[in-house]
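What follows is structure13.csv (CSV, C-alpha atoms and all ligand atoms).
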```csv
chain,number,residue,atom,x,y,z
A,994,MET,CA,119.2,99.1,98.1
A,995,ASP,CA,119.0,97.4,94.8
A,996,GLU,CA,119.8,99.2,91.6
A,997,SER,CA,118.4,97.0,88.8
A,998,GLY,CA,117.2,93.6,87.6
A,999,ASP,CA,114.1,91.5,88.0
A,1000,ASP,CA,114.4,90.4,91.6
A,1001,VAL,CA,112.6,88.0,93.9
A,1002,HIS,CA,112.5,89.4,97.4
A,1003,GLU,CA,110.9,86.5,99.3
A,1004,THR,CA,110.9,85.7,103.0
A,1005,TRP,CA,111.7,82.1,103.9
A,1006,GLN,CA,108.5,80.1,104.4
A,1007,ASN,CA,106.4,82.2,106.7
A,1008,SER,CA,109.3,84.1,108.3
A,1009,THR,CA,108.5,87.7,109.1
A,1010,SER,CA,109.9,91.1,109.9
A,1011,ALA,CA,111.8,91.8,106.7
A,1012,LEU,CA,111.9,94.0,103.6
A,1013,SER,CA,111.6,97.2,105.7
A,1014,PHE,CA,110.4,96.4,109.2
A,1015,ALA,CA,111.1,98.8,112.0
A,1016,ARG,CA,110.4,98.3,115.7
A,1017,ASP,CA,111.3,100.1,119.0
A,1018,TRP,CA,112.6,103.4,117.8
A,1019,THR,CA,114.4,102.3,114.7
A,1020,ILE,CA,114.4,103.2,111.0
A,1021,SER,CA,114.4,100.8,108.1
A,1022,LEU,CA,114.8,101.7,104.4
A,1023,PHE,CA,114.4,99.5,101.4
A,1024,VAL,CA,114.8,100.7,97.8
A,1025,ASP,CA,114.6,98.8,94.5
A,1026,LYS,CA,115.1,101.2,91.7
A,1027,SER,CA,114.0,99.1,88.7
A,1028,GLY,CA,112.9,95.8,87.3
A,1029,ASP,CA,109.9,93.5,87.4
A,1030,ASP,CA,110.2,92.4,90.9
A,1031,THR,CA,108.4,89.9,93.1
A,1032,TYR,CA,107.9,90.5,96.8
A,1033,LYS,CA,106.5,87.8,99.1
A,1034,ALA,CA,106.1,88.0,102.9
A,1035,PHE,CA,103.5,86.7,105.3
A,1036,ASN,CA,103.6,89.3,108.1
A,1037,THR,CA,105.2,92.4,109.6
A,1038,SER,CA,107.2,93.2,106.5
A,1039,LEU,CA,107.2,95.6,103.5
A,1040,ALA,CA,107.0,98.9,105.3
A,1041,TYR,CA,105.5,97.9,108.6
A,1042,CYS,CA,106.5,99.9,111.7
A,1043,ASN,CA,105.9,98.9,115.2
A,1044,ILE,CA,106.3,100.8,118.5
A,1045,ARG,CA,107.3,104.3,117.4
A,1046,SER,CA,109.5,103.5,114.4
A,1047,ASN,CA,109.8,104.5,110.8
A,1048,ALA,CA,109.7,102.0,108.0
A,1049,PHE,CA,110.2,103.1,104.4
A,1050,PHE,CA,109.9,101.1,101.2
A,1051,PHE,CA,110.3,102.4,97.6
A,1052,ASP,CA,110.0,100.4,94.4
A,1053,LEU,CA,110.6,102.9,91.7
A,1054,GLY,CA,109.7,101.1,88.5
A,1055,GLY,CA,108.7,97.9,86.7
A,1056,ASN,CA,105.7,95.6,86.8
A,1057,ASP,CA,105.8,94.1,90.2
A,1058,HIS,CA,104.0,91.3,92.1
A,1059,TYR,CA,103.3,91.6,95.8
A,1060,ILE,CA,102.1,88.7,97.8
A,1061,VAL,CA,101.2,89.3,101.5
A,1062,GLY,CA,99.5,87.5,104.3
A,1063,THR,CA,95.7,88.0,104.2
A,1064,GLY,CA,94.5,90.6,106.8
A,1065,GLN,CA,98.1,91.4,107.9
A,1066,GLN,CA,99.3,94.9,108.5
A,1067,MET,CA,101.9,95.5,105.7
A,1068,LEU,CA,102.6,97.6,102.6
A,1069,GLY,CA,102.6,100.8,104.6
A,1070,ALA,CA,101.2,100.2,108.0
A,1071,ALA,CA,101.7,101.5,111.5
A,1072,ASP,CA,100.7,99.4,114.6
A,1073,TRP,CA,98.6,100.8,117.3
A,1074,GLN,CA,99.9,100.9,120.9
A,1075,ASN,CA,97.5,103.1,122.8
A,1076,TYR,CA,99.2,106.2,121.7
A,1077,ASP,CA,96.2,108.2,122.8
A,1078,GLN,CA,97.0,107.5,126.5
A,1079,PRO,CA,100.4,108.5,127.7
A,1080,HIS,CA,102.0,105.8,129.8
A,1081,PRO,CA,102.3,107.2,133.4
A,1082,LEU,CA,105.8,105.9,133.8
A,1083,SER,CA,107.2,106.3,130.3
A,1084,PRO,CA,105.3,109.0,128.5
A,1085,PHE,CA,108.0,109.8,126.0
A,1086,GLY,CA,106.3,107.5,123.5
A,1087,GLN,CA,103.6,110.2,123.1
A,1088,TYR,CA,106.1,112.7,121.9
A,1089,CYS,CA,107.4,110.6,119.0
A,1090,ASN,CA,106.2,109.9,115.5
A,1091,SER,CA,105.8,106.7,113.6
A,1092,ILE,CA,105.5,106.3,109.9
A,1093,GLY,CA,105.2,103.2,107.7
A,1094,LEU,CA,105.5,104.4,104.1
A,1095,PHE,CA,105.2,102.1,101.1
A,1096,ILE,CA,105.6,103.7,97.6
A,1097,ASP,CA,105.5,101.8,94.3
A,1098,SER,CA,106.1,104.2,91.5
A,1099,GLY,CA,105.0,103.3,88.0
A,1100,GLY,CA,104.4,99.9,86.4
A,1101,ASP,CA,101.4,97.7,86.2
A,1102,ASP,CA,101.5,95.9,89.5
A,1103,VAL,CA,99.6,92.9,90.9
A,1104,TYR,CA,98.8,92.4,94.6
A,1105,GLU,CA,97.7,89.1,96.1
A,1106,ASP,CA,96.5,87.8,99.4
A,1107,TRP,CA,98.2,84.8,100.9
A,1108,THR,CA,96.4,82.4,103.2
A,1109,ARG,CA,98.1,79.3,104.8
A,1110,GLU,CA,96.0,76.3,105.6
A,1111,THR,CA,97.1,73.3,107.7
A,1112,VAL,CA,95.7,70.0,106.6
A,1113,GLY,CA,96.2,66.7,108.2
A,1114,GLU,CA,97.5,66.0,111.7
A,1115,GLY,CA,100.7,65.0,113.4
A,1116,GLU,CA,103.4,63.6,111.1
A,1117,ASN,CA,101.0,64.0,108.2
A,1118,ALA,CA,100.3,67.7,108.8
A,1119,ARG,CA,101.3,69.9,105.9
A,1120,ILE,CA,100.6,73.5,104.9
A,1121,ILE,CA,98.8,74.4,101.7
A,1122,ASP,CA,99.2,78.0,100.5
A,1123,HIS,CA,96.3,79.7,98.9
A,1124,TYR,CA,96.6,82.9,96.8
A,1125,SER,CA,93.7,85.2,95.9
A,1126,PRO,CA,93.1,88.7,94.7
A,1127,THR,CA,93.3,91.3,97.5
A,1128,THR,CA,90.5,93.8,98.2
A,1129,ILE,CA,92.8,96.4,99.8
A,1130,TYR,CA,95.8,97.0,97.5
A,1131,ALA,CA,95.8,97.7,93.8
A,1132,ASN,CA,97.7,99.4,91.0
A,1133,ASN,CA,97.3,103.2,91.1
A,1134,VAL,CA,95.5,103.1,94.5
A,1135,ARG,CA,96.4,104.6,97.9
A,1136,TRP,CA,95.5,103.0,101.2
A,1137,GLU,CA,96.2,103.7,104.9
A,1138,TYR,CA,96.5,101.8,108.1
A,1139,PRO,CA,95.3,102.9,110.6
A,1140,HIS,CA,92.3,103.9,108.5
A,1141,PRO,CA,91.3,107.6,108.4
A,1142,GLY,CA,88.1,108.2,110.4
A,1143,THR,CA,88.7,105.4,112.9
A,1144,ASP,CA,89.4,106.0,116.6
A,1145,ILE,CA,93.0,105.0,116.3
A,1146,TYR,CA,93.8,107.4,113.3
A,1147,GLY,CA,96.3,110.1,114.1
A,1148,PHE,CA,98.4,110.5,117.2
A,1149,ASN,CA,101.5,111.0,115.0
A,1150,ASN,CA,101.2,107.4,113.9
A,1151,TYR,CA,100.6,106.9,110.2
A,1152,GLY,CA,100.8,104.0,107.7
A,1153,ILE,CA,100.5,104.9,104.1
A,1154,GLY,CA,100.7,102.7,101.0
A,1155,TRP,CA,100.7,104.4,97.6
A,1156,ASP,CA,100.9,102.8,94.2
A,1157,LEU,CA,101.2,105.7,91.9
A,1158,GLU,CA,102.0,106.5,88.3
A,1159,ALA,CA,105.5,107.6,87.8
A,1160,GLY,CA,106.3,111.0,86.4
A,1161,SER,CA,108.4,111.2,83.3
A,1162,ASP,CA,111.5,111.7,85.5
A,1163,ALA,CA,110.3,109.0,88.0
A,1164,THR,CA,109.9,111.6,90.7
A,1165,ILE,CA,107.5,111.0,93.5
A,1166,PRO,CA,105.0,113.8,94.4
A,1167,ASP,CA,105.5,115.5,97.8
A,1168,VAL,CA,103.5,113.8,100.5
A,1169,THR,CA,101.8,116.8,102.1
A,1170,TRP,CA,98.5,115.7,103.4
A,1171,LEU,CA,100.0,114.8,106.8
A,1172,ASP,CA,101.4,118.3,107.4
A,1173,PRO,CA,100.0,119.4,110.8
A,1174,LYS,CA,99.5,123.0,109.5
A,1175,PRO,CA,99.4,124.5,106.0
A,1176,GLU,CA,102.5,126.6,105.3
A,1177,GLU,CA,101.8,130.3,105.1
A,1178,GLU,CA,102.5,131.9,101.7
B,1,CA,CA,114.6,95.2,90.9
B,2,CA,CA,110.1,97.1,90.6
B,3,CA,CA,101.9,100.8,89.8
```

I'd like the structure from this file rewritten - as structure tokens, please.
Amino acid sequence: MDESGDDVHETWQNSTSALSFARDWTISLFVDKSGDDTYKAFNTSLAYCNIRSNAFFFDLGGNDHYIVGTGQQMLGAADWQNYDQPHPLSPFGQYCNSIGLFIDSGGDDVYEDWTRETVGEGENARIIDHYSPTTIYANNVRWEYPHPGTDIYGFNNYGIGWDLEAGSDATIPDVTWLDPKPEEE
């Protein structure tokens, strides 16, 4: 949890599983309350949950810059592990929930894809990093993985990314669209 300041949250080289990553029945929480922050991770980070876990990420203000691996599941994503078919010997996984929730509140944020290219061979091999605008994430946009309408959507397994405008008191609207049943008045 970080209270203030313009921070750089960057994984080392192409290391992974950081900045809110949860796996195997765990919970991770990351909060940065304010500042113009930079986040950079190649894979399995930034509100990614894996194997029935919960990963939460909140950036609550500032103009932020997110750089993530192209085509990776991040920024509010839940992996898929055949949750539609209970395992005959360990069916408990079917009775659990998994949520990867990414919230960026306020600010004018930039999201970029990151591709790593190996050039040369042997001792001369080196990595060149390429950055390009992403087609998935954007300021004031919501996205989900798994995608609604696909065969793997549901099964108590949700990944939600939401870049939203902050209210005057920086509160976040209730997330209600996943409620299994509407509450009776
Ligand atoms: Ca900050
Ligand atoms: Ca921020
Ligand atoms: Ca924003």

Once you count all atoms listed in the file, which residues end up within 6 Å of ligand CA 3 (chain B), and could you hand them over as a VMD selection string? chain A and resid 1097 to 1102 1132 to 1133 1156 to 1158

Compile a residue-level contact table for segment 1068-1159 of chain A against segment 1021-1036 of chain A at a cut-off of 12 Å, reporting for every qualifying residue the shortest atom pair and its distance in Å to one decimal, with only C-alpha atoms counted, rows ordered by chain and ascending number, as a Markdown table.
```
| residue | atom | partner | partner_atom | distance |
| --- | --- | --- | --- | --- |
| A:Leu1068 | CA | A:Asn1036 | CA | 10.0 |
| A:Ala1070 | CA | A:Asn1036 | CA | 11.2 |
| A:Ser1091 | CA | A:Ser1021 | CA | 11.8 |
| A:Ile1092 | CA | A:Ser1021 | CA | 10.6 |
| A:Gly1093 | CA | A:Ser1021 | CA | 9.5 |
| A:Leu1094 | CA | A:Leu1022 | CA | 9.7 |
| A:Phe1095 | CA | A:Phe1023 | CA | 9.6 |
| A:Ile1096 | CA | A:Val1024 | CA | 9.7 |
| A:Asp1097 | CA | A:Asp1025 | CA | 9.6 |
| A:Ser1098 | CA | A:Lys1026 | CA | 9.5 |
| A:Gly1099 | CA | A:Ser1027 | CA | 10.0 |
| A:Gly1100 | CA | A:Asp1029 | CA | 8.5 |
| A:Asp1101 | CA | A:Asp1029 | CA | 9.6 |
| A:Asp1102 | CA | A:Asp1029 | CA | 9.0 |
| A:Val1103 | CA | A:Thr1031 | CA | 9.6 |
| A:Tyr1104 | CA | A:Tyr1032 | CA | 9.6 |
| A:Glu1105 | CA | A:Lys1033 | CA | 9.4 |
| A:Asp1106 | CA | A:Phe1035 | CA | 9.2 |
| A:Trp1107 | CA | A:Phe1035 | CA | 7.1 |
| A:Thr1108 | CA | A:Phe1035 | CA | 8.6 |
| A:Arg1109 | CA | A:Phe1035 | CA | 9.2 |
| A:Asp1122 | CA | A:Phe1035 | CA | 10.8 |
| A:His1123 | CA | A:Phe1035 | CA | 11.9 |
| A:Tyr1124 | CA | A:Lys1033 | CA | 11.3 |
```

Saved selection, atoms kept: C-alpha atoms, as an mmCIF file, in the frame of the given file:
```cif
data_model
loop_
_atom_site.group_PDB
_atom_site.id
_atom_site.type_symbol
_atom_site.label_atom_id
_atom_site.label_comp_id
_atom_site.auth_asym_id
_atom_site.auth_seq_id
_atom_site.Cartn_x
_atom_site.Cartn_y
_atom_site.Cartn_z
ATOM 1 C CA LEU A 1068 102.600 97.600 102.600
ATOM 2 C CA ALA A 1070 101.200 100.200 108.000
ATOM 3 C CA SER A 1091 105.800 106.700 113.600
ATOM 4 C CA ILE A 1092 105.500 106.300 109.900
ATOM 5 C CA GLY A 1093 105.200 103.200 107.700
ATOM 6 C CA LEU A 1094 105.500 104.400 104.100
ATOM 7 C CA PHE A 1095 105.200 102.100 101.100
ATOM 8 C CA ILE A 1096 105.600 103.700 97.600
ATOM 9 C CA ASP A 1097 105.500 101.800 94.300
ATOM 10 C CA SER A 1098 106.100 104.200 91.500
ATOM 11 C CA GLY A 1099 105.000 103.300 88.000
ATOM 12 C CA GLY A 1100 104.400 99.900 86.400
ATOM 13 C CA ASP A 1101 101.400 97.700 86.200
ATOM 14 C CA ASP A 1102 101.500 95.900 89.500
ATOM 15 C CA VAL A 1103 99.600 92.900 90.900
ATOM 16 C CA TYR A 1104 98.800 92.400 94.600
ATOM 17 C CA GLU A 1105 97.700 89.100 96.100
ATOM 18 C CA ASP A 1106 96.500 87.800 99.400
ATOM 19 C CA TRP A 1107 98.200 84.800 100.900
ATOM 20 C CA THR A 1108 96.400 82.400 103.200
ATOM 21 C CA ARG A 1109 98.100 79.300 104.800
ATOM 22 C CA ASP A 1122 99.200 78.000 100.500
ATOM 23 C CA HIS A 1123 96.300 79.700 98.900
ATOM 24 C CA TYR A 1124 96.600 82.900 96.800
#
```

Figure out the distance between atom CA of Ala1048 of chain A and atom CA of Gln1078 of chain A, please, to one decimal in Å.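 Here the two named atoms are 23.1 Å from each other.
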
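With only C-alpha atoms and all ligand atoms as the atoms that count, the minimum distance from ligand CA 2 (chain B) to the choices A:Gly1115, A:Pro1079, A:Gly998, A:Gly1054 is reached by A:Gly1054.
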
Kindly indicate which residue among A:Tyr1130, A:Trp1073, A:Tyr1146, A:Phe1051 lies nearest to ligand CA 2 (chain B), using only C-alpha atoms and all ligand atoms for the distances. A:Phe1051

Please report the interatomic distance between atom CA of Thr1143 of chain A and atom CA of Gly1069 of chain A in Å with one decimal.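 We find that atom CA of Thr1143 of chain A and atom CA of Gly1069 of chain A lie 16.8 Å from each other.
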
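Separating atom CA of Ser1008 of chain A from atom CA of Ala1040 of chain A is a distance of 15.3 Å.
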
Between A:Leu1039, A:Ala1011, A:Met994, A:Leu1082, which one has atoms that come closest to ligand CA 1 (chain B), using all atoms listed in the file?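 Among A:Leu1039, A:Ala1011, A:Met994, A:Leu1082, it is A:Met994 that comes nearest to ligand CA 1 (chain B).
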
With distances taken over all atoms listed in the file, which residue among A:Ile1121, A:Val1061, A:Ile1020, A:Leu1053 lies nearest ligand CA 1 (chain B)?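 Using all atoms listed in the file, the shortest distance to ligand CA 1 (chain B) belongs to A:Leu1053.
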
Would you please work out which residue, of A:Cys1042, A:His1058, A:Ile1153, A:Val1134, is nearest to ligand CA 1 (chain B) when using all atoms listed in the file?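 With all atoms listed in the file as the atom set, the closest residue is A:His1058.
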